[in-house]
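Enquirer: Structure: work.txt, compact mmCIF, C-alpha atoms.
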```
# COMPACT_ATOMS: atom_id res chain seq x y z
CA MET A 1 132.55 105.11 86.32
CA ILE A 2 128.95 106.22 85.76
CA TYR A 3 128.20 109.91 86.30
CA THR A 4 124.66 111.27 86.69
CA VAL A 5 123.83 114.93 86.07
CA THR A 6 120.97 116.71 87.86
CA LEU A 7 121.06 120.43 87.12
CA ASN A 8 117.98 121.25 89.22
CA PRO A 9 118.01 118.92 92.27
CA ALA A 10 115.54 119.36 95.12
CA LEU A 11 115.10 118.59 98.77
CA ASP A 12 111.75 116.76 98.81
CA ARG A 13 109.64 117.22 101.93
CA THR A 14 106.88 114.60 102.28
CA LEU A 15 103.98 115.35 104.61
CA TYR A 16 101.71 112.47 105.67
CA VAL A 17 98.07 113.19 106.50
CA GLU A 18 94.89 111.18 107.05
CA GLY A 19 92.18 112.46 104.72
CA LEU A 20 93.33 115.67 102.99
CA LYS A 21 90.62 118.33 103.33
CA THR A 22 90.33 121.71 101.64
CA GLU A 23 89.51 124.98 103.39
CA GLN A 24 90.23 123.57 106.85
CA PRO A 25 93.32 122.62 108.87
CA ASN A 26 95.02 119.29 108.15
CA ARG A 27 97.11 117.71 110.86
CA ILE A 28 100.48 116.31 109.75
CA HIS A 29 101.22 113.11 111.68
CA LYS A 30 104.53 112.24 110.00
CA GLU A 31 107.15 114.02 107.90
CA ALA A 32 110.11 112.86 105.84
CA ARG A 33 112.85 114.74 103.98
CA TYR A 34 114.54 113.32 100.93
CA ALA A 35 117.31 114.34 98.55
CA GLY A 36 115.57 114.19 95.17
CA GLY A 37 116.00 114.86 91.48
CA LYS A 38 115.90 112.60 88.43
CA GLY A 39 119.65 112.00 88.18
CA ILE A 40 119.86 111.60 91.96
CA ASP A 41 117.21 108.88 91.86
CA VAL A 42 119.08 107.15 89.03
CA ALA A 43 122.21 107.17 91.22
CA ARG A 44 120.19 105.90 94.19
CA ALA A 45 118.63 103.06 92.18
CA LEU A 46 122.01 102.12 90.69
CA LEU A 47 123.47 101.90 94.20
CA ALA A 48 120.64 99.56 95.22
CA MET A 49 121.54 97.41 92.20
CA GLY A 50 125.20 97.28 93.23
CA VAL A 51 126.41 99.72 90.57
CA PRO A 52 128.46 102.70 91.88
CA SER A 53 128.09 106.16 90.37
CA ILE A 54 128.91 109.79 91.12
CA ALA A 55 126.23 112.50 91.16
CA LEU A 56 126.93 115.87 89.53
CA GLY A 57 124.88 119.07 89.50
CA PHE A 58 124.39 122.35 91.34
CA ILE A 59 124.08 122.69 95.11
CA GLY A 60 123.79 125.67 97.40
CA GLY A 61 122.51 127.10 100.66
CA PHE A 62 121.69 125.58 104.04
CA ASP A 63 119.27 123.06 102.51
CA GLY A 64 121.97 122.19 100.00
CA LYS A 65 124.24 121.07 102.84
CA GLU A 66 121.44 118.92 104.22
CA PHE A 67 120.90 117.53 100.70
CA GLU A 68 124.54 116.54 100.34
CA GLY A 69 124.68 115.13 103.86
CA ARG A 70 121.69 112.91 103.18
CA LEU A 71 123.37 111.53 100.07
CA LEU A 72 126.55 110.93 102.05
CA ASN A 73 124.58 108.96 104.64
CA GLU A 74 123.07 106.84 101.88
CA GLY A 75 126.47 106.06 100.42
CA ILE A 76 125.92 108.03 97.20
CA ALA A 77 129.11 109.67 95.96
CA CYS A 78 128.74 113.23 94.67
CA ASP A 79 130.82 116.04 93.23
CA PHE A 80 128.51 119.04 93.07
CA THR A 81 129.21 122.52 91.74
CA ARG A 82 128.50 125.26 94.29
CA MET A 83 125.97 127.99 93.48
CA SER A 84 125.01 131.17 95.31
CA GLY A 85 121.29 130.37 95.44
CA GLU A 86 119.40 128.02 97.78
CA ILE A 87 118.50 124.56 96.50
CA ARG A 88 114.76 124.22 95.85
CA THR A 89 112.36 122.35 98.17
CA ASN A 90 109.42 120.36 96.80
CA ILE A 91 106.36 119.47 98.87
CA ILE A 92 104.69 116.05 98.58
CA ILE A 93 101.43 115.51 100.46
CA GLN A 94 100.70 111.82 101.03
CA ASP A 95 97.09 111.06 102.01
CA GLU A 96 97.37 107.73 103.78
CA SER A 97 93.62 107.19 103.93
CA THR A 98 93.32 107.15 100.13
CA GLU A 99 96.99 106.55 99.17
CA HIS A 100 96.70 109.60 96.89
CA GLU A 101 99.55 112.06 96.67
CA THR A 102 99.80 115.73 95.74
CA VAL A 103 103.14 117.05 94.48
CA LEU A 104 104.08 120.75 94.57
CA LEU A 105 107.24 121.43 92.56
CA ALA A 106 109.34 124.51 93.36
CA GLN A 107 110.96 126.54 90.60
CA GLY A 108 114.40 126.71 92.14
CA PRO A 109 117.26 129.26 92.04
CA GLU A 110 118.76 131.02 89.04
CA ILE A 111 122.14 129.72 87.94
CA GLN A 112 124.70 132.44 87.24
CA PRO A 113 126.94 132.30 84.12
CA VAL A 114 130.11 131.86 86.19
CA GLU A 115 128.49 128.95 88.04
CA LEU A 116 127.56 127.33 84.73
CA MET A 117 131.16 127.58 83.55
CA ASP A 118 132.40 126.08 86.83
CA PHE A 119 130.16 123.08 86.13
CA VAL A 120 131.15 122.77 82.45
CA GLU A 121 134.85 122.95 83.28
CA LYS A 122 134.39 120.27 85.97
CA LEU A 123 132.66 118.02 83.43
CA GLU A 124 135.41 118.58 80.86
CA ARG A 125 138.12 117.69 83.42
CA LEU A 126 136.56 114.37 84.44
CA SER A 127 138.38 111.19 83.48
CA GLY A 128 137.47 107.54 83.71
CA ILE A 129 133.85 108.10 82.59
CA ASP A 130 132.09 105.04 81.18
CA PHE A 131 128.53 106.42 81.09
CA LEU A 132 127.04 109.91 81.41
CA VAL A 133 123.36 110.12 82.43
CA ILE A 134 121.78 113.56 81.91
CA SER A 135 118.34 113.88 83.50
CA GLY A 136 115.71 116.37 84.50
CA SER A 137 114.65 119.94 83.97
CA LEU A 138 116.58 123.15 83.43
CA PRO A 139 117.06 125.50 86.37
CA ARG A 140 116.41 129.20 85.84
CA GLY A 141 119.23 131.03 84.12
CA LEU A 142 120.18 128.17 81.78
CA THR A 143 119.09 127.58 78.18
CA PRO A 144 118.53 124.24 76.40
CA THR A 145 121.89 124.57 74.64
CA VAL A 146 123.45 123.39 77.93
CA TYR A 147 122.10 119.88 77.26
CA GLU A 148 123.62 119.87 73.80
CA ARG A 149 126.97 120.95 75.27
CA MET A 150 126.91 118.20 77.90
CA VAL A 151 126.19 115.49 75.33
CA ARG A 152 129.01 116.80 73.12
CA ILE A 153 131.41 116.71 76.07
CA GLY A 154 130.46 113.07 76.62
CA ASN A 155 130.90 112.27 72.93
CA ASN A 156 134.31 113.97 72.88
CA LYS A 157 135.37 111.72 75.73
CA GLY A 158 134.12 108.65 73.84
CA VAL A 159 131.55 107.70 76.50
CA ARG A 160 127.96 106.55 76.17
CA THR A 161 125.36 109.20 77.01
CA LEU A 162 121.76 108.78 78.11
CA LEU A 163 119.47 111.83 77.89
CA ASP A 164 116.23 111.88 79.89
CA THR A 165 114.61 115.31 79.62
CA SER A 166 111.83 117.02 77.68
CA GLY A 167 110.85 119.97 75.51
CA GLU A 168 113.55 122.15 74.03
CA ALA A 169 116.20 120.55 76.23
CA LEU A 170 115.47 117.21 74.53
CA SER A 171 115.45 118.78 71.06
CA TYR A 172 118.80 120.48 71.61
CA GLY A 173 120.31 117.42 73.26
CA ILE A 174 119.40 115.20 70.31
CA ARG A 175 121.33 117.53 67.99
CA ALA A 176 124.53 116.38 69.74
CA HIS A 177 123.81 112.67 69.02
CA PRO A 178 123.32 111.05 72.45
CA THR A 179 123.58 107.26 72.62
CA ILE A 180 120.18 106.78 74.29
CA ILE A 181 117.13 108.94 74.96
CA LYS A 182 114.19 108.02 77.20
CA PRO A 183 111.15 110.23 76.59
CA ASN A 184 107.71 109.26 77.81
CA ARG A 185 104.81 109.25 75.37
CA ARG A 186 103.81 112.86 76.07
CA GLU A 187 107.38 114.08 75.66
CA LEU A 188 107.75 112.18 72.39
CA ASN A 189 104.49 113.67 71.08
CA GLU A 190 105.81 117.12 71.95
CA LEU A 191 109.06 116.38 70.14
CA ALA A 192 107.17 115.08 67.08
CA GLY A 193 104.78 118.03 67.08
CA THR A 194 101.83 115.68 66.68
CA GLU A 195 99.85 113.01 68.52
CA LEU A 196 101.36 109.59 67.82
CA GLN A 197 98.21 107.51 67.97
CA ASP A 198 99.58 103.99 68.49
CA ILE A 199 102.76 102.01 69.01
CA PRO A 200 103.52 101.53 65.29
CA ALA A 201 103.27 105.32 64.87
CA ILE A 202 105.66 105.77 67.79
CA VAL A 203 108.10 103.36 66.16
CA ARG A 204 107.88 105.08 62.76
CA TYR A 205 108.66 108.47 64.31
CA CYS A 206 111.53 107.08 66.40
CA GLN A 207 113.04 105.60 63.24
CA THR A 208 113.34 109.15 61.87
CA LEU A 209 115.60 110.00 64.84
CA GLN A 210 118.02 107.13 64.40
CA ASP A 211 120.51 109.13 62.40
CA ARG A 212 121.11 111.03 65.66
CA VAL A 213 120.23 108.55 68.44
CA SER A 214 121.27 104.88 68.60
CA VAL A 215 118.66 103.63 71.09
CA ILE A 216 115.29 105.22 71.87
CA LEU A 217 113.30 104.10 74.91
CA VAL A 218 109.72 105.37 75.01
CA SER A 219 107.98 104.97 78.36
CA LEU A 220 104.28 104.12 78.16
CA GLY A 221 103.64 104.14 81.90
CA PRO A 222 101.74 100.97 82.87
CA GLY A 223 101.98 99.94 79.20
CA GLY A 224 105.73 99.31 79.52
CA ILE A 225 108.50 100.58 77.25
CA VAL A 226 109.04 100.58 73.49
CA MET A 227 112.66 100.30 72.39
CA VAL A 228 113.73 101.30 68.87
CA GLU A 229 117.29 100.52 67.81
CA SER A 230 119.07 99.87 64.50
CA ASP A 231 116.91 97.38 62.61
CA ARG A 232 114.22 96.46 65.13
CA ALA A 233 111.63 97.66 67.63
CA LEU A 234 110.56 95.81 70.78
CA HIS A 235 107.69 96.42 73.18
CA ALA A 236 108.22 95.17 76.74
CA LYS A 237 105.11 94.93 78.91
CA PRO A 238 105.07 94.52 82.70
CA PRO A 239 102.65 92.38 84.70
CA GLU A 240 99.73 94.09 86.38
CA VAL A 241 100.62 95.27 89.88
CA GLU A 242 99.04 97.37 92.63
CA VAL A 243 100.53 100.82 92.03
CA LYS A 244 101.27 102.73 95.24
CA SER A 245 103.36 105.54 93.73
CA THR A 246 104.83 106.41 90.35
CA ILE A 247 107.52 108.72 91.77
CA GLY A 248 110.93 107.67 90.50
CA ALA A 249 109.61 104.87 88.28
CA GLY A 250 111.16 106.33 85.13
CA ASP A 251 114.48 106.90 86.90
CA CYS A 252 114.51 103.30 88.13
CA ALA A 253 113.83 102.16 84.56
CA VAL A 254 116.88 104.16 83.42
CA ALA A 255 118.98 102.60 86.18
CA GLY A 256 117.75 99.14 85.26
CA PHE A 257 118.70 99.62 81.60
CA ILE A 258 122.17 100.87 82.57
CA LYS A 259 122.59 97.98 85.03
CA GLY A 260 121.90 95.61 82.13
CA LEU A 261 124.40 97.39 79.89
CA VAL A 262 127.24 97.32 82.43
CA SER A 263 126.44 93.62 83.07
CA LYS A 264 126.89 92.96 79.32
CA GLU A 265 123.28 91.88 78.82
CA SER A 266 121.68 91.99 75.39
CA LEU A 267 119.63 95.09 74.58
CA SER A 268 116.42 93.07 74.79
CA ASP A 269 117.36 91.85 78.28
CA CYS A 270 118.34 95.43 79.24
CA LEU A 271 114.85 96.49 78.12
CA ARG A 272 113.19 93.80 80.21
CA ARG A 273 115.27 94.82 83.22
CA ALA A 274 114.30 98.47 82.70
CA VAL A 275 110.60 97.58 82.72
CA ALA A 276 110.97 95.35 85.77
CA SER A 277 112.89 98.08 87.63
CA GLY A 278 110.38 100.80 86.78
CA THR A 279 107.47 98.57 87.78
CA ALA A 280 109.21 97.63 91.03
CA ALA A 281 109.34 101.31 91.97
CA THR A 282 105.54 101.57 91.76
CA LEU A 283 105.16 98.95 94.52
CA ASN A 284 106.48 101.36 97.16
CA PRO A 285 104.58 104.43 98.42
CA GLY A 286 105.94 107.98 98.47
CA THR A 287 109.56 108.39 97.45
CA GLY A 288 110.41 104.71 97.87
CA LEU A 289 112.29 103.38 94.84
CA CYS A 290 112.80 99.89 93.45
CA ARG A 291 114.06 96.98 95.53
CA CYS A 292 116.21 94.26 94.02
CA GLN A 293 114.01 91.45 95.34
CA ASP A 294 110.99 92.98 93.60
CA ILE A 295 112.95 93.38 90.35
CA ASP A 296 114.01 89.73 90.50
CA GLN A 297 110.40 88.61 90.99
CA LEU A 298 109.03 90.81 88.20
CA LEU A 299 111.74 90.16 85.62
CA PRO A 300 110.48 86.72 84.49
CA GLN A 301 106.97 88.18 84.10
CA VAL A 302 107.98 90.95 81.66
CA GLU A 303 106.81 90.04 78.15
CA THR A 304 108.44 91.35 74.97
CA GLU A 305 107.18 91.38 71.40
CA THR A 306 108.49 92.71 68.11
CA VAL A 307 106.70 95.77 66.74
CA ASN A 308 106.26 96.17 63.01
CA ALA A 309 105.93 99.78 61.89
```
Write out the structure in this file as structure tokens.
Expert:
Amino acid sequence: MIYTVTLNPALDRTLYVEGLKTEQPNRIHKEARYAGGKGIDVARALLAMGVPSIALGFIGGFDGKEFEGRLLNEGIACDFTRMSGEIRTNIIIQDESTEHETVLLAQGPEIQPVELMDFVEKLERLSGIDFLVISGSLPRGLTPTVYERMVRIGNNKGVRTLLDTSGEALSYGIRAHPTIIKPNRRELNELAGTELQDIPAIVRYCQTLQDRVSVILVSLGPGGIVMVESDRALHAKPPEVEVKSTIGAGDCAVAGFIKGLVSKESLSDCLRRAVASGTAATLNPGTGLCRCQDIDQLLPQVETETVNA
């Protein structure tokens, strides 16, 4: 079974307007509420691809019950750890006249030490794990060492781990030797402590991490994904598409890569599927994620080339 971890999930509230104006009232003509978070979107995309998973993380409050109920309605299995605080709510303003969006991210509640230990003990008790996906930001009250601990728990169970986070959480997580990491270019630059000017420079830096990470996936946005593993580096590039939203594109790429792995595809084919899945997510506005028919259409158009550092 695949487990996804989202320590700081959010109830996303999308407000649709026609022509967002400043310093005057804006009339909302449509509203949608959505159970969000990076690991949650990975679980959602996996479900769309026919791959079951179970979502882990912290949940609490009245909005937390709504959050869990929405996942239940979607068919997403979850096993959350209860917290005393209220789950955070993010605001997304979708301007339908321009197709521009404004995202306001809430900070979220503070996790108490006893709640953290409830979560860790739950993770340690789990059996039948094939893959552990750890995504997203730290909630208040937790330190980056939590990511290192989670990866070590996965390693102790002999399961593959994928880490998709940033900053100190990524640095600490790498110390525990995850199987896969998926930083974007900005996050990799932050990890390197310098601006990696081109793809060969990205590959050279990733090669310095390979004593701790088996596979490194670096997202370049519309430029695709660079994969560095063992003795090679590949760059997969998507076709040009009309981008309607980038929300969830990275999470769909993660789901696509995992879908390839569980289907016993080669790593190069997993990479192509990741790029097709991430690109498919950009075809849908707002919080819409990838659709399998779009992935199938894009997959043959994804080009790969070997990168020499």
Enquirer: Do you know which residues lie at most 8 Å from (124.3, 110.1, 75.6), with coordinates as in the file and all atoms listed in the file counted, and could you write them as a VMD selection string?
Expert: chain A and resid 131 to 134 151 154 to 155 159 to 163 177 to 181
Enquirer: Using all atoms listed in the file, pick whichever of A:Arg291, A:Arg232, A:Arg204, A:Arg212 has the shortest atom-to-atom distance to Ser171 of chain A.
Expert: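 Counting all atoms listed in the file, the residue closest to Ser171 of chain A is A:Arg212.
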Enquirer: Measuring between all atoms listed in the file, which one of A:Val218, A:Ala281, A:Ile28, A:Leu71 shows the shortest distance to Ile247 of chain A?
Expert: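 Residue with the minimum atom-to-atom distance to Ile247 of chain A: A:Ala281.
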Enquirer: For Glu68 of chain A, which residue among A:Gly50, A:Pro9, A:Gly85, A:Gly173 is the nearest when counting all atoms listed in the file?
Expert: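 Selected residue with least distance to Glu68 of chain A: A:Pro9.
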Enquirer: Between atom CA of Ser277 of chain A and atom CA of Cys290 of chain A, what distance in Å does the model show, to one decimal?
Expert: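 Separating atom CA of Ser277 of chain A from atom CA of Cys290 of chain A is a distance of 6.1 Å.
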Enquirer: Using atom CA of Gly223 of chain A and atom CA of Gly193 of chain A as the two end points, give the distance in Å to one decimal.
Expert: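 The value is 22.0 Å.
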Enquirer: Determine, counting all atoms listed in the file, which protein, DNA and RNA residues have an atom within 7 Å of an atom of Ala274 of chain A; residues of the same chain fewer than 2 positions away are not included. Present the result as a PyMOL selection string.
Expert: chain A and resi 253-254+256-257+270-272+276-278
Enquirer: When distances are computed from all atoms listed in the file, which of A:Gly64, A:Pro183, A:Gly141, A:Gly260 shows the smallest separation from Leu46 of chain A?
Expert: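 Using all atoms listed in the file, Leu46 of chain A sits closest to A:Gly260.
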Enquirer: Would you list the contacts of Leu142 of chain A as a list in words, taking every protein, DNA or RNA residue within 9 Å and counting all atoms listed in the file, but skipping same-chain residues closer than 3 positions in sequence?
Expert: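 Listed by chain and then number, they are Glu110, Ile111, Gln112, Pro113, Leu116, Leu138, Pro139, Thr145 and Val146 of chain A.
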Enquirer: Could you please determine the separation between atom CA of Arg273 of chain A and atom CA of Lys259 of chain A in Å, to one decimal place?
Expert: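 These atoms are spaced 8.2 Å apart.
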Enquirer: Which residue, A:Val17, A:Ile129, A:Ala43, A:Leu11, has the smallest gap to Thr89 of chain A when you use all atoms listed in the file?
Expert: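 That would be A:Leu11, the residue with the smallest distance to Thr89 of chain A.
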Enquirer: Near segment 32-36 of chain A, within 10 Å and counting all atoms listed in the file, which residues show up once chain neighbours fewer than 3 positions away are dropped, as a PyMOL selection string?
Expert: chain A and resi 6+8-16+39-42+44+63-64+66-71+89-92+248+286-287
Enquirer: Which is closer to Lys237 of chain A than all the others in A:Val275, A:Leu104, A:Ala249, A:Val215, using all atoms listed in the file?
Expert: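 Residue with the minimum atom-to-atom distance to Lys237 of chain A: A:Val275.
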Enquirer: Tell me which protein, DNA and RNA residues are within 12 Å of Gly128 of chain A, counting all atoms listed in the file, leaving out same-chain ones fewer than 3 positions away, and put them as a PyMOL selection string.
Expert: chain A and resi 1-3+53-54+123-125+131-132+154+157-159
